[in-house]
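Pasting data.pdb here (PDB, N, CA and C atoms):
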```pdb
ATOM      1  N   MET A 207      34.987  11.270  43.339
ATOM      2  CA  MET A 207      34.570  11.599  41.997
ATOM      3  C   MET A 207      35.708  12.171  41.176
ATOM      4  N   GLY A 208      36.597  12.899  41.770
ATOM      5  CA  GLY A 208      37.700  13.479  41.034
ATOM      6  C   GLY A 208      38.638  12.415  40.479
ATOM      7  N   ASP A 209      38.706  11.226  41.111
ATOM      8  CA  ASP A 209      39.586  10.154  40.658
ATOM      9  C   ASP A 209      39.052   9.438  39.423
ATOM     10  N   GLU A 210      37.747   9.529  39.150
ATOM     11  CA  GLU A 210      37.165   8.837  38.000
ATOM     12  C   GLU A 210      37.751   9.331  36.686
ATOM     13  N   ALA A 211      38.016  10.627  36.584
ATOM     14  CA  ALA A 211      38.558  11.183  35.352
ATOM     15  C   ALA A 211      39.944  10.620  35.059
ATOM     16  N   ALA A 212      40.681  10.316  36.101
ATOM     17  CA  ALA A 212      42.031   9.788  35.914
ATOM     18  C   ALA A 212      42.014   8.339  35.446
ATOM     19  N   THR A 213      40.938   7.600  35.701
ATOM     20  CA  THR A 213      40.891   6.191  35.334
ATOM     21  C   THR A 213      40.261   5.948  33.964
ATOM     22  N   VAL A 214      39.711   6.970  33.331
ATOM     23  CA  VAL A 214      39.078   6.804  32.018
ATOM     24  C   VAL A 214      40.163   6.655  30.958
ATOM     25  N   ALA A 215      40.029   5.640  30.145
ATOM     26  CA  ALA A 215      41.005   5.393  29.084
ATOM     27  C   ALA A 215      40.813   6.400  27.955
ATOM     28  N   PRO A 216      41.879   6.780  27.261
ATOM     29  CA  PRO A 216      41.732   7.695  26.126
ATOM     30  C   PRO A 216      40.901   7.051  25.014
ATOM     31  N   ALA A 217      40.353   7.881  24.148
ATOM     32  CA  ALA A 217      39.480   7.399  23.068
ATOM     33  C   ALA A 217      40.192   6.419  22.148
ATOM     34  N   HIS A 218      41.457   6.606  21.927
ATOM     35  CA  HIS A 218      42.220   5.672  21.084
ATOM     36  C   HIS A 218      43.653   5.602  21.597
ATOM     37  N   GLU A 219      44.238   4.495  21.410
ATOM     38  CA  GLU A 219      45.631   4.297  21.779
ATOM     39  C   GLU A 219      46.476   4.442  20.519
ATOM     40  N   PRO A 220      47.372   5.412  20.472
ATOM     41  CA  PRO A 220      48.195   5.555  19.274
ATOM     42  C   PRO A 220      49.149   4.376  19.125
ATOM     43  N   SER A 221      49.266   3.871  17.922
ATOM     44  CA  SER A 221      50.192   2.764  17.676
ATOM     45  C   SER A 221      51.592   3.327  17.459
ATOM     46  N   ALA A 222      52.534   2.455  17.391
ATOM     47  CA  ALA A 222      53.920   2.889  17.248
ATOM     48  C   ALA A 222      54.154   3.619  15.928
ATOM     49  N   ALA A 223      53.573   3.111  14.846
ATOM     50  CA  ALA A 223      53.808   3.726  13.540
ATOM     51  C   ALA A 223      52.535   3.668  12.701
ATOM     52  N   PRO A 224      51.742   4.758  12.690
ATOM     53  CA  PRO A 224      50.552   4.734  11.836
ATOM     54  C   PRO A 224      50.954   4.700  10.371
ATOM     55  N   ARG A 225      50.117   4.083   9.553
ATOM     56  CA  ARG A 225      50.426   4.030   8.124
ATOM     57  C   ARG A 225      49.272   4.636   7.338
ATOM     58  N   ALA A 226      49.606   5.191   6.214
ATOM     59  CA  ALA A 226      48.599   5.835   5.384
ATOM     60  C   ALA A 226      47.737   4.784   4.696
ATOM     61  N   SER A 227      46.514   5.149   4.447
ATOM     62  CA  SER A 227      45.593   4.265   3.744
ATOM     63  C   SER A 227      45.916   4.268   2.252
ATOM     64  N   ARG A 228      45.655   3.162   1.580
ATOM     65  CA  ARG A 228      45.831   3.099   0.133
ATOM     66  C   ARG A 228      44.610   3.639  -0.596
ATOM     67  N   HIS A 229      43.534   3.856   0.126
ATOM     68  CA  HIS A 229      42.304   4.356  -0.488
ATOM     69  C   HIS A 229      42.437   5.839  -0.790
ATOM     70  N   PRO A 230      41.934   6.272  -1.936
ATOM     71  CA  PRO A 230      42.014   7.703  -2.256
ATOM     72  C   PRO A 230      41.107   8.529  -1.344
ATOM     73  N   THR A 231      41.484   9.777  -1.148
ATOM     74  CA  THR A 231      40.662  10.663  -0.330
ATOM     75  C   THR A 231      39.473  11.161  -1.135
ATOM     76  N   ARG A 232      38.490  11.701  -0.425
ATOM     77  CA  ARG A 232      37.334  12.294  -1.099
ATOM     78  C   ARG A 232      37.779  13.457  -1.975
ATOM     79  N   LYS A 233      38.757  14.197  -1.511
ATOM     80  CA  LYS A 233      39.289  15.327  -2.279
ATOM     81  C   LYS A 233      39.877  14.846  -3.611
ATOM     82  N   TRP A 234      40.590  13.735  -3.602
ATOM     83  CA  TRP A 234      41.169  13.184  -4.825
ATOM     84  C   TRP A 234      40.059  12.746  -5.778
ATOM     85  N   LEU A 235      39.033  12.087  -5.247
ATOM     86  CA  LEU A 235      37.927  11.628  -6.095
ATOM     87  C   LEU A 235      37.195  12.801  -6.747
ATOM     88  N   VAL A 236      36.961  13.862  -5.994
ATOM     89  CA  VAL A 236      36.292  15.041  -6.546
ATOM     90  C   VAL A 236      37.151  15.678  -7.632
ATOM     91  N   ALA A 237      38.453  15.717  -7.439
ATOM     92  CA  ALA A 237      39.346  16.274  -8.465
ATOM     93  C   ALA A 237      39.279  15.449  -9.749
ATOM     94  N   GLN A 238      39.144  14.131  -9.618
ATOM     95  CA  GLN A 238      39.056  13.284 -10.816
ATOM     96  C   GLN A 238      37.747  13.526 -11.557
ATOM     97  N   ILE A 239      36.669  13.698 -10.819
ATOM     98  CA  ILE A 239      35.379  13.984 -11.458
ATOM     99  C   ILE A 239      35.444  15.311 -12.200
ATOM    100  N   THR A 240      36.058  16.315 -11.586
ATOM    101  CA  THR A 240      36.204  17.622 -12.225
ATOM    102  C   THR A 240      37.045  17.520 -13.495
ATOM    103  N   ALA A 241      38.156  16.799 -13.421
ATOM    104  CA  ALA A 241      39.031  16.651 -14.591
ATOM    105  C   ALA A 241      38.336  15.882 -15.711
ATOM    106  N   LEU A 242      37.606  14.841 -15.365
ATOM    107  CA  LEU A 242      36.876  14.086 -16.390
ATOM    108  C   LEU A 242      35.773  14.946 -17.020
ATOM    109  N   GLY A 243      35.149  15.804 -16.210
ATOM    110  CA  GLY A 243      34.151  16.731 -16.746
ATOM    111  C   GLY A 243      34.764  17.698 -17.742
ATOM    112  N   ALA A 244      35.956  18.178 -17.449
ATOM    113  CA  ALA A 244      36.653  19.073 -18.372
ATOM    114  C   ALA A 244      37.019  18.341 -19.657
ATOM    115  N   LEU A 245      37.465  17.103 -19.533
ATOM    116  CA  LEU A 245      37.805  16.311 -20.716
ATOM    117  C   LEU A 245      36.562  16.044 -21.564
ATOM    118  N   LEU A 246      35.458  15.736 -20.936
ATOM    119  CA  LEU A 246      34.206  15.515 -21.654
ATOM    120  C   LEU A 246      33.731  16.798 -22.339
ATOM    121  N   THR A 247      33.865  17.928 -21.667
ATOM    122  CA  THR A 247      33.496  19.215 -22.264
ATOM    123  C   THR A 247      34.343  19.496 -23.493
ATOM    124  N   LEU A 248      35.641  19.239 -23.402
ATOM    125  CA  LEU A 248      36.518  19.422 -24.559
ATOM    126  C   LEU A 248      36.086  18.521 -25.703
ATOM    127  N   LEU A 249      35.775  17.294 -25.405
ATOM    128  CA  LEU A 249      35.345  16.345 -26.428
ATOM    129  C   LEU A 249      34.060  16.815 -27.104
ATOM    130  N   LEU A 250      33.126  17.301 -26.327
ATOM    131  CA  LEU A 250      31.853  17.760 -26.893
ATOM    132  C   LEU A 250      32.004  19.036 -27.719
ATOM    133  N   THR A 251      32.877  19.935 -27.309
ATOM    134  CA  THR A 251      33.030  21.199 -28.036
ATOM    135  C   THR A 251      33.849  21.055 -29.310
ATOM    136  N   THR A 252      34.754  20.082 -29.339
ATOM    137  CA  THR A 252      35.558  19.899 -30.558
ATOM    138  C   THR A 252      34.887  18.962 -31.546
ATOM    139  N   GLY A 253      33.882  18.241 -31.118
ATOM    140  CA  GLY A 253      33.120  17.399 -32.025
ATOM    141  C   GLY A 253      33.708  16.031 -32.292
ATOM    142  N   GLY A 254      34.761  15.665 -31.632
ATOM    143  CA  GLY A 254      35.350  14.345 -31.846
ATOM    144  C   GLY A 254      36.688  14.231 -31.156
ATOM    145  N   TRP A 255      37.241  13.041 -31.210
ATOM    146  CA  TRP A 255      38.527  12.781 -30.553
ATOM    147  C   TRP A 255      39.647  13.181 -31.484
ATOM    148  N   GLY A 256      40.567  13.995 -30.968
ATOM    149  CA  GLY A 256      41.693  14.449 -31.780
ATOM    150  C   GLY A 256      42.920  14.680 -30.915
ATOM    151  N   ALA A 257      43.835  15.451 -31.450
ATOM    152  CA  ALA A 257      45.101  15.713 -30.761
ATOM    153  C   ALA A 257      44.887  16.436 -29.426
ATOM    154  N   GLU A 258      43.953  17.374 -29.408
ATOM    155  CA  GLU A 258      43.698  18.109 -28.163
ATOM    156  C   GLU A 258      43.224  17.169 -27.054
ATOM    157  N   GLU A 259      42.356  16.253 -27.413
ATOM    158  CA  GLU A 259      41.852  15.299 -26.429
ATOM    159  C   GLU A 259      42.944  14.344 -25.958
ATOM    160  N   ASN A 260      43.837  13.973 -26.867
ATOM    161  CA  ASN A 260      44.962  13.127 -26.477
ATOM    162  C   ASN A 260      45.842  13.830 -25.450
ATOM    163  N   VAL A 261      46.129  15.096 -25.683
ATOM    164  CA  VAL A 261      46.955  15.870 -24.746
ATOM    165  C   VAL A 261      46.231  15.999 -23.404
ATOM    166  N   ALA A 262      44.935  16.295 -23.437
ATOM    167  CA  ALA A 262      44.164  16.433 -22.203
ATOM    168  C   ALA A 262      44.100  15.109 -21.444
ATOM    169  N   LEU A 263      43.962  14.007 -22.152
ATOM    170  CA  LEU A 263      43.914  12.695 -21.509
ATOM    171  C   LEU A 263      45.240  12.367 -20.830
ATOM    172  N   VAL A 264      46.345  12.645 -21.504
ATOM    173  CA  VAL A 264      47.657  12.401 -20.897
ATOM    174  C   VAL A 264      47.817  13.267 -19.649
ATOM    175  N   GLY A 265      47.418  14.529 -19.728
ATOM    176  CA  GLY A 265      47.490  15.416 -18.569
ATOM    177  C   GLY A 265      46.651  14.905 -17.416
ATOM    178  N   TYR A 266      45.451  14.430 -17.732
ATOM    179  CA  TYR A 266      44.570  13.884 -16.703
ATOM    180  C   TYR A 266      45.206  12.667 -16.031
ATOM    181  N   LEU A 267      45.721  11.745 -16.833
ATOM    182  CA  LEU A 267      46.312  10.523 -16.275
ATOM    183  C   LEU A 267      47.533  10.826 -15.412
ATOM    184  N   VAL A 268      48.358  11.763 -15.859
ATOM    185  CA  VAL A 268      49.550  12.125 -15.091
ATOM    186  C   VAL A 268      49.161  12.755 -13.759
ATOM    187  N   GLN A 269      48.208  13.699 -13.786
ATOM    188  CA  GLN A 269      47.827  14.334 -12.516
ATOM    189  C   GLN A 269      47.130  13.349 -11.595
ATOM    190  N   ALA A 270      46.336  12.434 -12.135
ATOM    191  CA  ALA A 270      45.657  11.448 -11.295
ATOM    192  C   ALA A 270      46.669  10.531 -10.612
ATOM    193  N   LEU A 271      47.659  10.079 -11.352
ATOM    194  CA  LEU A 271      48.663   9.182 -10.798
ATOM    195  C   LEU A 271      49.545   9.886  -9.774
ATOM    196  N   THR A 272      50.026  11.070 -10.121
ATOM    197  CA  THR A 272      50.935  11.750  -9.197
ATOM    198  C   THR A 272      50.228  12.190  -7.923
ATOM    199  N   THR A 273      48.983  12.630  -8.029
ATOM    200  CA  THR A 273      48.283  13.025  -6.801
ATOM    201  C   THR A 273      47.880  11.813  -5.974
ATOM    202  N   TYR A 274      47.692  10.665  -6.590
ATOM    203  CA  TYR A 274      47.405   9.449  -5.834
ATOM    204  C   TYR A 274      48.640   8.995  -5.058
ATOM    205  N   LEU A 275      49.811   9.187  -5.640
ATOM    206  CA  LEU A 275      51.041   8.721  -5.009
ATOM    207  C   LEU A 275      51.456   9.566  -3.816
ATOM    208  N   VAL A 276      50.936  10.782  -3.685
ATOM    209  CA  VAL A 276      51.229  11.614  -2.524
ATOM    210  C   VAL A 276      50.511  10.994  -1.327
ATOM    211  N   PRO A 277      51.201  10.781  -0.210
ATOM    212  CA  PRO A 277      50.583  10.108   0.936
ATOM    213  C   PRO A 277      49.358  10.846   1.467
ATOM    214  N   ASN A 278      48.371  10.073   1.903
ATOM    215  CA  ASN A 278      47.163  10.632   2.496
ATOM    216  C   ASN A 278      47.357  10.952   3.971
ATOM    217  N   LEU A 279      48.495  10.615   4.521
ATOM    218  CA  LEU A 279      48.743  10.725   5.951
ATOM    219  C   LEU A 279      48.486  12.128   6.483
ATOM    220  N   ASP A 280      48.891  13.150   5.740
ATOM    221  CA  ASP A 280      48.770  14.521   6.217
ATOM    222  C   ASP A 280      47.594  15.268   5.612
ATOM    223  N   THR A 281      46.652  14.565   5.004
ATOM    224  CA  THR A 281      45.514  15.212   4.371
ATOM    225  C   THR A 281      44.405  15.444   5.385
ATOM    226  N   PRO A 282      44.119  16.693   5.735
ATOM    227  CA  PRO A 282      43.029  16.948   6.687
ATOM    228  C   PRO A 282      41.693  16.495   6.100
ATOM    229  N   GLY A 283      40.919  15.790   6.883
ATOM    230  CA  GLY A 283      39.615  15.322   6.437
ATOM    231  C   GLY A 283      39.680  14.186   5.447
ATOM    232  N   GLY A 284      40.835  13.602   5.298
ATOM    233  CA  GLY A 284      41.003  12.507   4.340
ATOM    234  C   GLY A 284      40.579  11.179   4.926
ATOM    235  N   VAL A 285      41.143  10.135   4.413
ATOM    236  CA  VAL A 285      40.819   8.792   4.861
ATOM    237  C   VAL A 285      41.446   8.571   6.232
ATOM    238  N   PRO A 286      40.701   8.019   7.192
ATOM    239  CA  PRO A 286      41.266   7.755   8.519
ATOM    240  C   PRO A 286      42.437   6.779   8.426
ATOM    241  N   LEU A 287      43.369   6.939   9.334
ATOM    242  CA  LEU A 287      44.552   6.066   9.369
ATOM    243  C   LEU A 287      44.180   4.679   9.857
ATOM    244  N   HIS A 288      44.848   3.677   9.332
ATOM    245  CA  HIS A 288      44.726   2.312   9.840
ATOM    246  C   HIS A 288      45.721   2.185  10.977
ATOM    247  N   ARG A 289      45.278   1.740  12.106
ATOM    248  CA  ARG A 289      46.193   1.607  13.254
ATOM    249  C   ARG A 289      46.259   0.175  13.696
TER     250      ARG A 289
END
```
For the file at hand, write its structure as structure tokens.
Amino acid sequence: MGDEAATVAPAHEPSAAPRASRHPTRKWLVAQITALGALLTLLLTTGGWGAEENVALVGYLVQALTTYLVPNLDTPGGVPLHR
């Protein structure tokens, strides 16, 4: 019986080079929903689209793009790696 444990294969075989997924993490998606909510709140409180909304939109787009470009490889609880 003691030999059975030695013959059990590991749950997964690590590949030579794991690669990060191109899919956004749940954390990234939640951040986008929060940012869009803030932009919508600004739009509703100012009563229309203006310079403030333009600045907020540019800020939103920049943060969305830059945070997407950061690899998901080291994100705890993120998208599983493709192996």
Item to check | Between atom CA of Thr240 of chain A and atom CA of Glu258 of chain A - distance in Å to one decimal | outcome: 17.6 Å
Next on the checklist: I want to know what sits within 7 Å of Leu245 of chain A, based on only C-alpha atoms, with residues of the same chain fewer than 4 positions away left out; could you give that as number ranges by chain?
Outcome noted: A: 241, 249, 262
Item to check | Two-atom distance - atom CA of Val261 of chain A, atom CA of Ala244 of chain A (Å) | outcome: 12.5 Å
List, as a tab-separated table (two decimals) with N, CA and C atoms, in the coordinates of the input, every residue that the PyMOL selection byres ((chain A and resi 232-234) around 8) selects in the file provided.
```tsv
chain	number	residue	atom	x	y	z
A	229	HIS	N	43.53	3.86	0.13
A	229	HIS	CA	42.30	4.36	-0.49
A	229	HIS	C	42.44	5.84	-0.79
A	230	PRO	N	41.93	6.27	-1.94
A	230	PRO	CA	42.01	7.70	-2.26
A	230	PRO	C	41.11	8.53	-1.34
A	231	THR	N	41.48	9.78	-1.15
A	231	THR	CA	40.66	10.66	-0.33
A	231	THR	C	39.47	11.16	-1.14
A	235	LEU	N	39.03	12.09	-5.25
A	235	LEU	CA	37.93	11.63	-6.10
A	235	LEU	C	37.20	12.80	-6.75
A	236	VAL	N	36.96	13.86	-5.99
A	236	VAL	CA	36.29	15.04	-6.55
A	236	VAL	C	37.15	15.68	-7.63
A	237	ALA	N	38.45	15.72	-7.44
A	237	ALA	CA	39.35	16.27	-8.46
A	237	ALA	C	39.28	15.45	-9.75
A	238	GLN	N	39.14	14.13	-9.62
A	238	GLN	CA	39.06	13.28	-10.82
A	238	GLN	C	37.75	13.53	-11.56
A	239	ILE	N	36.67	13.70	-10.82
A	239	ILE	CA	35.38	13.98	-11.46
A	239	ILE	C	35.44	15.31	-12.20
A	240	THR	N	36.06	16.32	-11.59
A	240	THR	CA	36.20	17.62	-12.22
A	240	THR	C	37.04	17.52	-13.50
A	270	ALA	N	46.34	12.43	-12.14
A	270	ALA	CA	45.66	11.45	-11.30
A	270	ALA	C	46.67	10.53	-10.61
A	273	THR	N	48.98	12.63	-8.03
A	273	THR	CA	48.28	13.02	-6.80
A	273	THR	C	47.88	11.81	-5.97
A	274	TYR	N	47.69	10.66	-6.59
A	274	TYR	CA	47.40	9.45	-5.83
A	274	TYR	C	48.64	8.99	-5.06
A	283	GLY	N	40.92	15.79	6.88
A	283	GLY	CA	39.62	15.32	6.44
A	283	GLY	C	39.68	14.19	5.45
A	284	GLY	N	40.84	13.60	5.30
A	284	GLY	CA	41.00	12.51	4.34
A	284	GLY	C	40.58	11.18	4.93
A	285	VAL	N	41.14	10.14	4.41
A	285	VAL	CA	40.82	8.79	4.86
A	285	VAL	C	41.45	8.57	6.23
```
Using only the atoms of segment 266-277 of chain A listed in the file, plus 6 Å on each side, state the axis-aligned box centre and edge lengths in Å rounded to one decimal, as JSON.
```
{"center_x": 48.0, "center_y": 11.6, "center_z": -8.1, "size_x": 18.9, "size_y": 17.7, "size_z": 31.2}
```
Item to check | Nearest candidate to Ser227 of chain A (options A:Leu263, A:Pro277, A:Gln269, A:Gly254; using only N, CA and C atoms) | outcome: A:Pro277
Checklist entry - Separation of atom N of Trp255 of chain A and atom CA of Leu271 of chain A, in Å? => result 23.7 Å
